[in-house]
$ cat structure_38.cif   # mmCIF, C-alpha atoms (C1' of nucleotides)
data_coords
loop_
_atom_site.label_atom_id
_atom_site.label_comp_id
_atom_site.auth_asym_id
_atom_site.auth_seq_id
_atom_site.Cartn_x
_atom_site.Cartn_y
_atom_site.Cartn_z
CA MET A 1 -0.11 -17.57 -12.39
CA ILE A 2 -0.45 -13.93 -11.46
CA ARG A 3 2.92 -13.34 -12.93
CA ILE A 4 4.59 -10.38 -14.56
CA THR A 5 6.18 -10.91 -17.93
CA LYS A 6 9.87 -11.41 -18.35
CA GLN A 7 10.15 -8.12 -20.14
CA THR A 8 8.76 -6.33 -17.12
CA ASP A 9 11.20 -8.19 -14.96
CA TYR A 10 14.02 -7.09 -17.22
CA GLY A 11 12.73 -3.56 -17.20
CA ILE A 12 12.89 -3.36 -13.45
CA VAL A 13 16.38 -4.73 -13.31
CA LEU A 14 17.45 -2.17 -15.87
CA LEU A 15 15.76 0.67 -14.05
CA THR A 16 17.32 -0.26 -10.75
CA HIS A 17 20.69 -0.36 -12.43
CA LEU A 18 20.12 3.12 -13.78
CA ALA A 19 18.87 4.26 -10.40
CA ALA A 20 22.09 3.14 -8.81
CA HIS A 21 24.11 5.43 -11.12
CA PRO A 22 21.96 8.50 -11.61
CA GLU A 23 24.80 10.71 -12.68
CA ARG A 24 25.65 8.96 -15.90
CA THR A 25 23.82 7.52 -18.87
CA PHE A 26 24.06 4.03 -20.35
CA ASN A 27 23.60 2.74 -23.83
CA SER A 28 22.03 -0.63 -24.54
CA PRO A 29 25.19 -2.73 -24.87
CA GLU A 30 26.57 -1.39 -21.61
CA LEU A 31 23.39 -2.19 -19.74
CA ALA A 32 23.15 -5.63 -21.29
CA ALA A 33 26.71 -6.41 -20.27
CA GLU A 34 26.36 -5.08 -16.75
CA THR A 35 23.06 -6.74 -16.00
CA GLY A 36 23.71 -9.96 -17.86
CA LEU A 37 20.51 -9.70 -19.85
CA PRO A 38 20.19 -10.43 -23.59
CA LEU A 39 20.98 -7.34 -25.62
CA PRO A 40 18.02 -7.39 -28.02
CA MET A 41 15.60 -7.58 -25.14
CA VAL A 42 17.41 -4.85 -23.29
CA SER A 43 17.20 -2.60 -26.30
CA LYS A 44 13.55 -3.35 -26.84
CA THR A 45 12.67 -2.75 -23.23
CA LEU A 46 14.56 0.52 -22.98
CA LYS A 47 12.79 1.85 -26.04
CA LEU A 48 9.46 1.09 -24.48
CA LEU A 49 10.37 2.68 -21.18
CA ALA A 50 11.56 5.78 -22.99
CA ARG A 51 8.36 6.03 -24.99
CA GLU A 52 6.38 5.78 -21.78
CA GLY A 53 8.31 8.64 -20.27
CA LEU A 54 10.18 6.81 -17.54
CA LEU A 55 13.51 7.12 -19.29
CA ALA A 56 15.10 10.08 -21.02
CA SER A 57 16.79 8.97 -24.20
CA HIS A 58 19.62 10.63 -25.96
CA ARG A 59 20.32 9.75 -29.55
CA GLY A 60 23.43 9.97 -31.59
CA VAL A 61 27.01 8.94 -31.22
CA ARG A 62 27.35 9.25 -27.48
CA GLY A 63 23.71 8.66 -26.77
CA GLY A 64 22.11 6.52 -24.13
CA TYR A 65 19.47 6.37 -21.47
CA GLY A 66 18.96 7.89 -18.07
CA LEU A 67 16.10 8.08 -15.60
CA ALA A 68 13.62 10.78 -16.48
CA GLU A 69 12.92 11.42 -12.80
CA PRO A 70 14.55 10.70 -9.45
CA ALA A 71 14.27 7.06 -8.54
CA SER A 72 12.33 7.88 -5.42
CA GLU A 73 9.53 9.34 -7.52
CA ILE A 74 9.03 6.32 -9.71
CA THR A 75 6.65 3.78 -8.25
CA MET A 76 6.36 0.15 -9.18
CA THR A 77 2.83 0.83 -10.32
CA ARG A 78 4.12 3.20 -12.95
CA VAL A 79 6.82 0.85 -14.11
CA ILE A 80 4.51 -2.09 -14.47
CA SER A 81 1.79 -0.06 -16.13
CA ALA A 82 4.33 1.28 -18.58
CA LEU A 83 5.53 -2.16 -19.55
CA GLU A 84 2.33 -4.12 -19.62
CA GLY A 85 -0.61 -1.78 -19.48
CA PRO A 86 -2.96 -0.92 -16.66
CA ILE A 87 -2.90 -3.16 -13.62
CA ALA A 88 -6.02 -5.25 -13.89
CA ILE A 89 -6.03 -8.63 -12.28
CA THR A 90 -9.22 -9.61 -14.07
CA GLU A 91 -10.43 -8.75 -17.50
CA CYS A 92 -13.53 -6.99 -16.31
CA ILE A 93 -11.59 -4.48 -14.27
CA ASP A 94 -10.30 -2.32 -17.07
CA LEU A 95 -13.39 -2.90 -19.12
CA SER A 96 -14.70 0.60 -18.87
CA GLY A 97 -18.25 -0.31 -19.65
CA GLU A 98 -20.35 -3.32 -18.94
CA CYS A 99 -19.49 -6.96 -18.52
CA SER A 100 -21.70 -9.50 -20.24
CA HIS A 101 -21.86 -11.60 -17.10
CA GLU A 102 -22.68 -8.71 -14.86
CA GLN A 103 -26.14 -9.98 -14.03
CA VAL A 104 -24.91 -13.31 -12.77
CA CYS A 105 -21.42 -12.38 -11.60
CA PRO A 106 -21.43 -11.06 -8.07
CA THR A 107 -17.70 -10.87 -7.69
CA ARG A 108 -16.81 -7.83 -9.71
CA ASN A 109 -16.82 -5.35 -6.87
CA ASN A 110 -14.70 -7.62 -4.77
CA TRP A 111 -12.16 -7.97 -7.53
CA GLN A 112 -11.85 -4.25 -7.47
CA ARG A 113 -10.99 -4.47 -3.80
CA ILE A 114 -8.32 -7.04 -4.47
CA ASN A 115 -6.99 -5.11 -7.39
CA HIS A 116 -6.86 -2.01 -5.29
CA ALA A 117 -4.92 -3.77 -2.57
CA LEU A 118 -2.39 -4.94 -5.12
CA LYS A 119 -2.07 -1.51 -6.63
CA GLU A 120 -1.53 0.05 -3.24
CA ALA A 121 1.19 -2.40 -2.40
CA LEU A 122 2.93 -1.54 -5.64
CA ASP A 123 2.40 2.13 -5.12
CA ARG A 124 4.21 2.05 -1.85
CA ILE A 125 7.41 0.75 -3.38
CA SER A 126 9.60 3.13 -5.32
CA LEU A 127 12.46 2.39 -7.62
CA ALA A 128 14.85 3.75 -5.04
CA GLU A 129 13.68 1.08 -2.62
CA MET A 130 14.13 -1.67 -5.16
CA ALA A 131 17.75 -0.76 -5.73
CA PRO A 132 20.28 -2.65 -3.65
CA PRO A 133 21.51 -1.05 -0.43
CA VAL A 134 25.16 -1.31 -1.36
CA ASN A 135 26.82 -3.82 -3.57
CA ALA A 136 30.39 -4.43 -2.60
CA ASP A 137 31.67 -6.36 -5.59
CA SER A 138 30.02 -4.31 -8.31
CA GLY A 139 32.15 -2.16 -10.54
CA ALA A 140 30.80 1.08 -9.17
CA ARG A 141 32.08 2.62 -5.99
CA LEU A 142 29.02 3.82 -4.19
CA VAL A 143 29.80 6.47 -1.68
CA GLN A 144 26.61 7.41 -0.03
CA LEU A 145 22.94 6.66 -0.14
CA GLY A 146 21.33 9.76 1.31
CA ARG A 147 19.18 11.88 -0.90
CA GLY A 148 20.53 10.95 -4.27
CA ILE A 149 23.17 8.32 -4.64
CA SER A 150 26.59 9.64 -5.48
CA ALA A 151 29.34 7.60 -7.05
CA THR A 152 32.72 8.18 -8.58
CA PRO A 153 32.39 9.51 -12.17
CA ALA A 154 32.64 6.18 -13.99
CA ALA A 155 35.70 4.01 -14.32
CA MET B 1 -0.62 -7.99 -17.24
CA ILE B 2 -0.60 -9.39 -13.73
CA ARG B 3 -3.77 -11.16 -14.53
CA ILE B 4 -5.40 -14.32 -13.27
CA THR B 5 -6.51 -16.85 -15.84
CA LYS B 6 -10.08 -17.14 -16.97
CA GLN B 7 -10.33 -20.53 -15.38
CA THR B 8 -9.48 -19.06 -12.02
CA ASP B 9 -12.06 -16.39 -12.58
CA TYR B 10 -14.62 -19.06 -13.37
CA GLY B 11 -13.59 -21.02 -10.33
CA ILE B 12 -14.25 -18.12 -8.05
CA VAL B 13 -17.62 -17.44 -9.53
CA LEU B 14 -18.53 -21.08 -9.06
CA LEU B 15 -17.29 -21.15 -5.50
CA THR B 16 -19.20 -18.04 -4.55
CA HIS B 17 -22.29 -19.56 -6.04
CA LEU B 18 -21.80 -22.64 -3.93
CA ALA B 19 -21.08 -20.49 -0.91
CA ALA B 20 -24.39 -18.75 -1.32
CA HIS B 21 -26.24 -22.06 -1.06
CA PRO B 22 -24.29 -24.07 1.46
CA GLU B 23 -27.14 -26.43 2.23
CA ARG B 24 -27.40 -28.10 -1.14
CA THR B 25 -25.11 -29.55 -3.76
CA PHE B 26 -24.93 -28.74 -7.43
CA ASN B 27 -23.95 -30.75 -10.44
CA SER B 28 -22.03 -29.29 -13.34
CA PRO B 29 -24.95 -28.57 -15.68
CA GLU B 30 -26.83 -26.78 -12.95
CA LEU B 31 -23.89 -24.60 -12.10
CA ALA B 32 -23.21 -23.85 -15.74
CA ALA B 33 -26.78 -22.80 -16.26
CA GLU B 34 -27.02 -20.69 -13.16
CA THR B 35 -23.73 -18.91 -13.63
CA GLY B 36 -23.92 -18.56 -17.39
CA LEU B 37 -20.50 -20.14 -17.88
CA PRO B 38 -19.66 -22.72 -20.56
CA LEU B 39 -20.37 -26.22 -19.33
CA PRO B 40 -17.11 -27.91 -20.33
CA MET B 41 -15.08 -25.29 -18.52
CA VAL B 42 -17.32 -25.52 -15.48
CA SER B 43 -16.86 -29.24 -15.36
CA LYS B 44 -13.12 -28.99 -15.80
CA THR B 45 -12.79 -26.36 -13.13
CA LEU B 46 -14.91 -28.19 -10.60
CA LYS B 47 -12.86 -31.32 -11.04
CA LEU B 48 -9.71 -29.41 -10.31
CA LEU B 49 -11.16 -27.72 -7.25
CA ALA B 50 -12.30 -31.08 -5.93
CA ARG B 51 -8.90 -32.62 -6.46
CA GLU B 52 -7.34 -29.76 -4.56
CA GLY B 53 -9.65 -30.34 -1.64
CA LEU B 54 -11.72 -27.19 -1.80
CA LEU B 55 -14.81 -29.01 -2.98
CA ALA B 56 -16.37 -32.21 -1.77
CA SER B 57 -17.60 -34.25 -4.69
CA HIS B 58 -20.31 -36.83 -4.70
CA ARG B 59 -20.39 -39.31 -7.54
CA GLY B 60 -23.21 -41.27 -9.05
CA VAL B 61 -26.69 -40.55 -10.23
CA ARG B 62 -27.59 -37.76 -7.88
CA GLY B 63 -24.04 -36.61 -7.36
CA GLY B 64 -22.68 -33.11 -7.34
CA TYR B 65 -20.39 -30.70 -5.59
CA GLY B 66 -20.43 -28.80 -2.34
CA LEU B 67 -17.93 -26.74 -0.43
CA ALA B 68 -15.54 -28.86 1.58
CA GLU B 69 -15.34 -26.21 4.29
CA PRO B 70 -17.35 -23.19 5.44
CA ALA B 71 -16.94 -20.32 3.03
CA SER B 72 -15.47 -18.15 5.73
CA GLU B 73 -12.52 -20.52 6.07
CA ILE B 74 -11.56 -20.49 2.42
CA THR B 75 -9.21 -17.68 1.52
CA MET B 76 -8.56 -16.28 -1.92
CA THR B 77 -4.98 -17.39 -1.57
CA ARG B 78 -6.07 -20.97 -1.33
CA VAL B 79 -8.44 -20.70 -4.24
CA ILE B 80 -5.91 -19.14 -6.53
CA SER B 81 -3.14 -21.49 -5.48
CA ALA B 82 -5.42 -24.42 -6.14
CA LEU B 83 -6.24 -23.28 -9.64
CA GLU B 84 -2.94 -21.96 -10.84
CA GLY B 85 -0.21 -23.03 -8.50
CA PRO B 86 1.70 -21.10 -5.89
CA ILE B 87 1.40 -17.35 -5.96
CA ALA B 88 4.66 -16.13 -7.43
CA ILE B 89 4.67 -12.86 -9.25
CA THR B 90 8.12 -13.52 -10.67
CA GLU B 91 9.72 -16.72 -11.78
CA CYS B 92 12.51 -16.56 -9.27
CA ILE B 93 10.16 -16.51 -6.31
CA ASP B 94 9.10 -20.12 -6.33
CA LEU B 95 12.45 -21.26 -7.56
CA SER B 96 13.46 -23.02 -4.42
CA GLY B 97 17.15 -22.87 -5.13
CA GLU B 98 19.35 -20.42 -6.87
CA CYS B 99 18.70 -18.04 -9.70
CA SER B 100 21.27 -17.82 -12.44
CA HIS B 101 21.19 -14.03 -12.34
CA GLU B 102 21.47 -13.88 -8.62
CA GLN B 103 24.88 -12.23 -8.70
CA VAL B 104 23.75 -9.32 -10.84
CA CYS B 105 20.08 -9.14 -9.89
CA PRO B 106 19.55 -7.04 -6.81
CA THR B 107 15.78 -7.09 -6.93
CA ARG B 108 14.98 -10.56 -5.73
CA ASN B 109 14.44 -9.69 -2.10
CA ASN B 110 12.22 -6.82 -3.01
CA TRP B 111 10.10 -9.00 -5.21
CA GLN B 112 9.54 -11.15 -2.20
CA ARG B 113 8.23 -8.11 -0.38
CA ILE B 114 5.84 -7.33 -3.19
CA ASN B 115 4.76 -10.90 -3.45
CA HIS B 116 4.16 -11.02 0.23
CA ALA B 117 2.01 -7.92 0.10
CA LEU B 118 -0.09 -9.46 -2.61
CA LYS B 119 -0.43 -12.71 -0.73
CA GLU B 120 -1.49 -10.91 2.40
CA ALA B 121 -4.14 -8.98 0.56
CA LEU B 122 -5.50 -12.21 -0.83
CA ASP B 123 -5.29 -13.91 2.52
CA ARG B 124 -7.50 -11.33 4.10
CA ILE B 125 -10.38 -12.02 1.76
CA SER B 126 -12.46 -15.12 2.29
CA LEU B 127 -14.96 -16.71 -0.01
CA ALA B 128 -17.73 -15.58 2.28
CA GLU B 129 -16.70 -12.01 1.65
CA MET B 130 -16.63 -12.49 -2.08
CA ALA B 131 -20.20 -13.72 -2.12
CA PRO B 132 -22.84 -11.05 -2.62
CA PRO B 133 -24.27 -9.49 0.55
CA VAL B 134 -27.83 -10.46 -0.22
CA ASN B 135 -29.28 -11.20 -3.56
CA ALA B 136 -32.94 -10.45 -3.69
CA ASP B 137 -33.86 -12.44 -6.75
CA SER B 138 -31.74 -15.48 -5.98
CA GLY B 139 -33.35 -18.64 -4.73
CA ALA B 140 -31.68 -18.58 -1.35
CA ARG B 141 -32.95 -16.66 1.59
CA LEU B 142 -29.91 -15.52 3.49
CA VAL B 143 -30.69 -14.75 7.05
CA GLN B 144 -27.55 -13.51 8.61
CA LEU B 145 -23.95 -12.85 7.83
CA GLY B 146 -22.27 -13.08 11.19
CA ARG B 147 -19.86 -15.87 11.85
CA GLY B 148 -20.86 -18.32 9.19
CA ILE B 149 -23.69 -17.73 6.82
CA SER B 150 -26.91 -19.43 7.74
CA ALA B 151 -29.75 -19.97 5.35
CA THR B 152 -33.10 -21.68 5.37
CA PRO B 153 -32.76 -25.45 4.83
CA ALA B 154 -33.32 -25.55 1.08
CA ALA B 155 -36.45 -24.79 -0.86
"C1'" DT C 1 30.16 17.85 -44.88
"C1'" DG C 2 30.36 13.15 -44.36
"C1'" DG C 3 30.70 9.09 -41.64
"C1'" DA C 4 29.97 6.47 -37.54
"C1'" DA C 5 27.41 5.43 -33.43
"C1'" DT C 6 23.24 5.05 -31.38
"C1'" DT C 7 18.32 5.23 -30.64
"C1'" DC C 8 13.59 4.42 -32.91
"C1'" DG C 9 9.95 1.91 -35.11
"C1'" DT C 10 8.19 -2.04 -36.68
"C1'" DA C 11 7.74 -6.45 -38.60
"C1'" DC C 12 8.67 -11.28 -38.06
"C1'" DT C 13 9.20 -16.09 -36.02
"C1'" DG C 14 9.19 -20.05 -32.85
"C1'" DA C 15 7.59 -21.73 -28.56
"C1'" DA C 16 4.65 -21.93 -24.83
"C1'" DA C 17 0.43 -21.07 -22.41
"C1'" DC C 18 -4.52 -20.41 -22.48
"C1'" DG C 19 -9.31 -21.43 -23.56
"C1'" DG C 20 -12.10 -24.72 -24.94
"C1'" DT C 21 -13.83 -29.43 -26.58
"C1'" DC C 22 -14.34 -34.31 -26.45
"C1'" DC C 23 -13.90 -39.09 -25.19
"C1'" DT C 24 -13.48 -43.02 -22.23
"C1'" DG C 25 -13.66 -44.92 -17.69
"C1'" DT C 26 -15.54 -45.26 -12.85
"C1'" DT C 27 -18.91 -44.73 -9.34
"C1'" DT C 28 -23.55 -44.84 -7.52
"C1'" DA C 29 -28.79 -44.39 -7.01
"C1'" DT C 30 -32.86 -46.39 -8.56
"C1'" DA D 1 -29.01 -53.37 -15.22
"C1'" DT D 2 -29.21 -48.84 -16.53
"C1'" DA D 3 -28.62 -44.11 -16.50
"C1'" DA D 4 -26.63 -40.05 -14.26
"C1'" DA D 5 -22.86 -37.93 -12.79
"C1'" DC D 6 -17.85 -37.31 -11.58
"C1'" DA D 7 -12.67 -38.41 -13.02
"C1'" DG D 8 -8.93 -38.14 -15.92
"C1'" DG D 9 -6.86 -37.37 -19.93
"C1'" DA D 10 -5.92 -36.25 -24.91
"C1'" DC D 11 -6.43 -32.93 -28.21
"C1'" DC D 12 -6.55 -28.52 -30.95
"C1'" DG D 13 -6.93 -23.58 -32.38
"C1'" DT D 14 -5.66 -19.05 -30.85
"C1'" DT D 15 -3.23 -15.81 -28.47
"C1'" DT D 16 0.61 -14.11 -25.99
"C1'" DC D 17 5.42 -14.12 -24.95
"C1'" DA D 18 10.37 -14.08 -25.81
"C1'" DG D 19 13.55 -13.16 -28.85
"C1'" DT D 20 15.43 -11.57 -33.55
"C1'" DA D 21 16.22 -8.56 -37.41
"C1'" DC D 22 16.39 -4.64 -40.30
"C1'" DG D 23 15.89 -0.15 -42.02
"C1'" DA D 24 15.21 4.79 -40.80
"C1'" DA D 25 16.14 8.85 -38.09
"C1'" DT D 26 19.19 11.46 -35.17
"C1'" DT D 27 23.37 13.31 -33.39
"C1'" DC D 28 28.29 13.79 -32.51
"C1'" DC D 29 32.75 14.47 -34.31
"C1'" DA D 30 36.48 14.70 -37.39
#
$ encode --input "structure_38.cif" --output "structure tokens"
Amino acid sequence: MIRITKQTDYGIVLLTHLAAHPERTFNSPELAAETGLPLPMVSKTLKLLAREGLLASHRGVRGGYGLAEPASEITMTRVISALEGPIAITECIDLSGECSHEQVCPTRNNWQRINHALKEALDRISLAEMAPPVNADSGARLVQLGRGISATPAA
Amino acid sequence: MIRITKQTDYGIVLLTHLAAHPERTFNSPELAAETGLPLPMVSKTLKLLAREGLLASHRGVRGGYGLAEPASEITMTRVISALEGPIAITECIDLSGECSHEQVCPTRNNWQRINHALKEALDRISLAEMAPPVNADSGARLVQLGRGISATPAA
DNA sequence: TGGAATTCGTACTGAAACGGTCCTGTTTAT
DNA sequence: ATAAACAGGACCGTTTCAGTACGAATTCCA
């Protein structure tokens, strides 16, 4: 159904949450509680994002996760690629070499066009844009949304 | 992996093949042979496309399939929707009503943007454009590609 | 220096979707 | 009447997905 996996969905929710509070770090239980997502999945997803370089992880007693880069620099393309591999709407697209049907399949080039259009759409949207404008009832007190969101230093 | 199913892929190959020979009809074995796809899948896919109104089917001894409309009128959006349901990159998009995470999930609106971008890209590509420009060794002699493909009236 | 908190890696399981096959019925041309 | 072809399911093996669990490594802090 041309659908992203749930884990990717989770990942984006988590990243936007982090993007909304760039000054502090979160550990897994905090994020799970604040986003309402199942803890084991949250943990699993964060690990993956850290391994892919989108999150900076900090081990130990007061460890946690934070964005590795400003939210405005992280595109949806990168997030999705990190969580589920290269964006390839058909199998033959990331097949580096030949396709066994190549002789009879005239559509390959056109799939590349479609794939490219999708990728461009995702490239144009950054994490900063996915984050909510301002969320009145959330626990955080957002102050400003200019270049870099600032908030009061945690409750 | 944001990927279409194989059946959809097959469907598009079949449709482009039909689009390249608008003057005649094909039965399943013919199409399977000429596209190199497995017959049972071809048959299954054609049935579905016919039920969804993209193909006109003709039963009986010399039956077969043909496009129900000119190839230039059939968009990729329609083809994909026919074969795998509405285009919804996340679960919450075609959920008509509420989403249980709605209170804590700020990304829903943005997913709609992304989904819309994808849909638009697919809307802009018609079956006629997916078909090969001209295929020297194919049986059909394409004459022109203006508004509506015209070909010589069958071999 | 030792213990506690936390991430890291990986292995495992149940459920669902996908890819593919097959069978039985219905329609139609000859 | 018969054979060719579509129509509509039922069915099954494999893979992927979602979720769980556990042990190891790291770091802070008392």
$ atom_distance --input "structure_38.cif" --atom1 "CA of Leu46 (chain B)" --atom2 "CA of Cys92 (chain A)"
22.0 Å
$ closest_atom_pairs --input "structure_38.cif" --of "chain A" --to "chain C" --cutoff "8 Å" --atoms "only C-alpha atoms (C1' of nucleotides)" --output "JSON lines"
{"residue": "A:Asn27", "atom": "CA", "partner": "C:DT6", "partner_atom": "C1'", "distance": 7.9}
{"residue": "A:Lys47", "atom": "CA", "partner": "C:DC8", "partner_atom": "C1'", "distance": 7.4}
{"residue": "A:Ser57", "atom": "CA", "partner": "C:DT7", "partner_atom": "C1'", "distance": 7.6}
{"residue": "A:His58", "atom": "CA", "partner": "C:DT7", "partner_atom": "C1'", "distance": 7.3}
{"residue": "A:Arg59", "atom": "CA", "partner": "C:DT7", "partner_atom": "C1'", "distance": 5.1}
{"residue": "A:Gly60", "atom": "CA", "partner": "C:DT6", "partner_atom": "C1'", "distance": 4.9}
{"residue": "A:Val61", "atom": "CA", "partner": "C:DA5", "partner_atom": "C1'", "distance": 4.2}
{"residue": "A:Arg62", "atom": "CA", "partner": "C:DT6", "partner_atom": "C1'", "distance": 7.1}
{"residue": "A:Gly63", "atom": "CA", "partner": "C:DT6", "partner_atom": "C1'", "distance": 5.9}
{"residue": "A:Gly64", "atom": "CA", "partner": "C:DT6", "partner_atom": "C1'", "distance": 7.5}
$ residues_around --input "structure_38.cif" --residues "His17 (chain B)" --least-positions-apart "4" --cutoff "9 Å" --atoms "only C-alpha atoms (C1' of nucleotides)" --output "list in words"
Pro106 of chain A; Ile12, Val13, His21, Pro22, Leu31, Glu34, Thr35 and Ala131 of chain B
$ calpha_fit_rmsd --input "structure_38.cif" --fixed "chain A" --moving "chain B"
1.1 Å
$ atom_distance --input "structure_38.cif" --atom1 "CA of Glu69 (chain B)" --atom2 "CA of Leu48 (chain B)"
16.0 Å
$ closest_residue --input "structure_38.cif" --among "B:Met1, B:Ala71, B:Lys119, B:Met41" --to "DC17 (chain D)" --atoms "only C-alpha atoms (C1' of nucleotides)"
B:Met1
$ atom_distance --input "structure_38.cif" --atom1 "CA of Met130 (chain A)" --atom2 "CA of Asn110 (chain B)"
5.9 Å
$ interface_residues --input "structure_38.cif" --of "chain D" --to "chain B" --cutoff "10 Å" --atoms "all atoms listed in the file" --output "list in words"
DA3, DA4, DA5, DC6, DA7 and DG8 of chain D
$ resolve_selection --input "structure_38.cif" --expression "the PyMOL selection byres ((chain B) within 8 of (chain A))" --output "PyMOL selection string"
chain B and resi 1-5+9+13+16+34-36+84-91+101+104-107+110+114+117-118+121-122+130-132
$ closest_residue --input "structure_38.cif" --among "B:Cys99, B:Leu55, B:Val42, B:Ile93" --to "Ile74 (chain B)" --atoms "all atoms listed in the file"
B:Leu55
$ build_atoms --input "structure_38.cif" --residues "region 13-28 of chain A" --atoms "N, CA and C atoms" --output "mmCIF file, in the coordinates of the input"
data_model
loop_
_atom_site.group_PDB
_atom_site.id
_atom_site.type_symbol
_atom_site.label_atom_id
_atom_site.label_comp_id
_atom_site.auth_asym_id
_atom_site.auth_seq_id
_atom_site.Cartn_x
_atom_site.Cartn_y
_atom_site.Cartn_z
ATOM 1 N N VAL A 13 14.952 -4.574 -13.550
ATOM 2 C CA VAL A 13 16.380 -4.730 -13.310
ATOM 3 C C VAL A 13 17.152 -3.579 -13.954
ATOM 4 N N LEU A 14 16.771 -3.250 -15.172
ATOM 5 C CA LEU A 14 17.450 -2.170 -15.870
ATOM 6 C C LEU A 14 17.259 -0.843 -15.135
ATOM 7 N N LEU A 15 16.036 -0.590 -14.721
ATOM 8 C CA LEU A 15 15.760 0.670 -14.050
ATOM 9 C C LEU A 15 16.519 0.770 -12.729
ATOM 10 N N THR A 16 16.583 -0.324 -12.011
ATOM 11 C CA THR A 16 17.320 -0.260 -10.750
ATOM 12 C C THR A 16 18.801 -0.021 -11.009
ATOM 13 N N HIS A 17 19.283 -0.589 -12.094
ATOM 14 C CA HIS A 17 20.690 -0.360 -12.430
ATOM 15 C C HIS A 17 20.914 1.120 -12.727
ATOM 16 N N LEU A 18 20.019 1.693 -13.484
ATOM 17 C CA LEU A 18 20.120 3.120 -13.780
ATOM 18 C C LEU A 18 19.982 3.940 -12.500
ATOM 19 N N ALA A 19 19.102 3.502 -11.639
ATOM 20 C CA ALA A 19 18.870 4.260 -10.400
ATOM 21 C C ALA A 19 20.108 4.259 -9.521
ATOM 22 N N ALA A 20 20.901 3.224 -9.651
ATOM 23 C CA ALA A 20 22.090 3.140 -8.810
ATOM 24 C C ALA A 20 23.211 4.044 -9.319
ATOM 25 N N HIS A 21 23.076 4.555 -10.536
ATOM 26 C CA HIS A 21 24.110 5.430 -11.120
ATOM 27 C C HIS A 21 23.440 6.619 -11.782
ATOM 28 N N PRO A 22 22.796 7.447 -11.016
ATOM 29 C CA PRO A 22 21.960 8.500 -11.610
ATOM 30 C C PRO A 22 22.757 9.566 -12.345
ATOM 31 N N GLU A 23 24.036 9.620 -12.110
ATOM 32 C CA GLU A 23 24.800 10.710 -12.680
ATOM 33 C C GLU A 23 25.211 10.455 -14.129
ATOM 34 N N ARG A 24 25.210 9.227 -14.542
ATOM 35 C CA ARG A 24 25.650 8.960 -15.900
ATOM 36 C C ARG A 24 24.533 8.315 -16.727
ATOM 37 N N THR A 25 24.776 8.213 -18.015
ATOM 38 C CA THR A 25 23.820 7.520 -18.870
ATOM 39 C C THR A 25 24.462 6.240 -19.395
ATOM 40 N N PHE A 26 23.599 5.324 -19.835
ATOM 41 C CA PHE A 26 24.060 4.030 -20.350
ATOM 42 C C PHE A 26 23.460 3.814 -21.721
ATOM 43 N N ASN A 27 24.217 3.203 -22.598
ATOM 44 C CA ASN A 27 23.600 2.740 -23.830
ATOM 45 C C ASN A 27 23.251 1.260 -23.687
ATOM 46 N N SER A 28 22.549 0.735 -24.664
ATOM 47 C CA SER A 28 22.030 -0.630 -24.540
ATOM 48 C C SER A 28 23.110 -1.678 -24.293
#
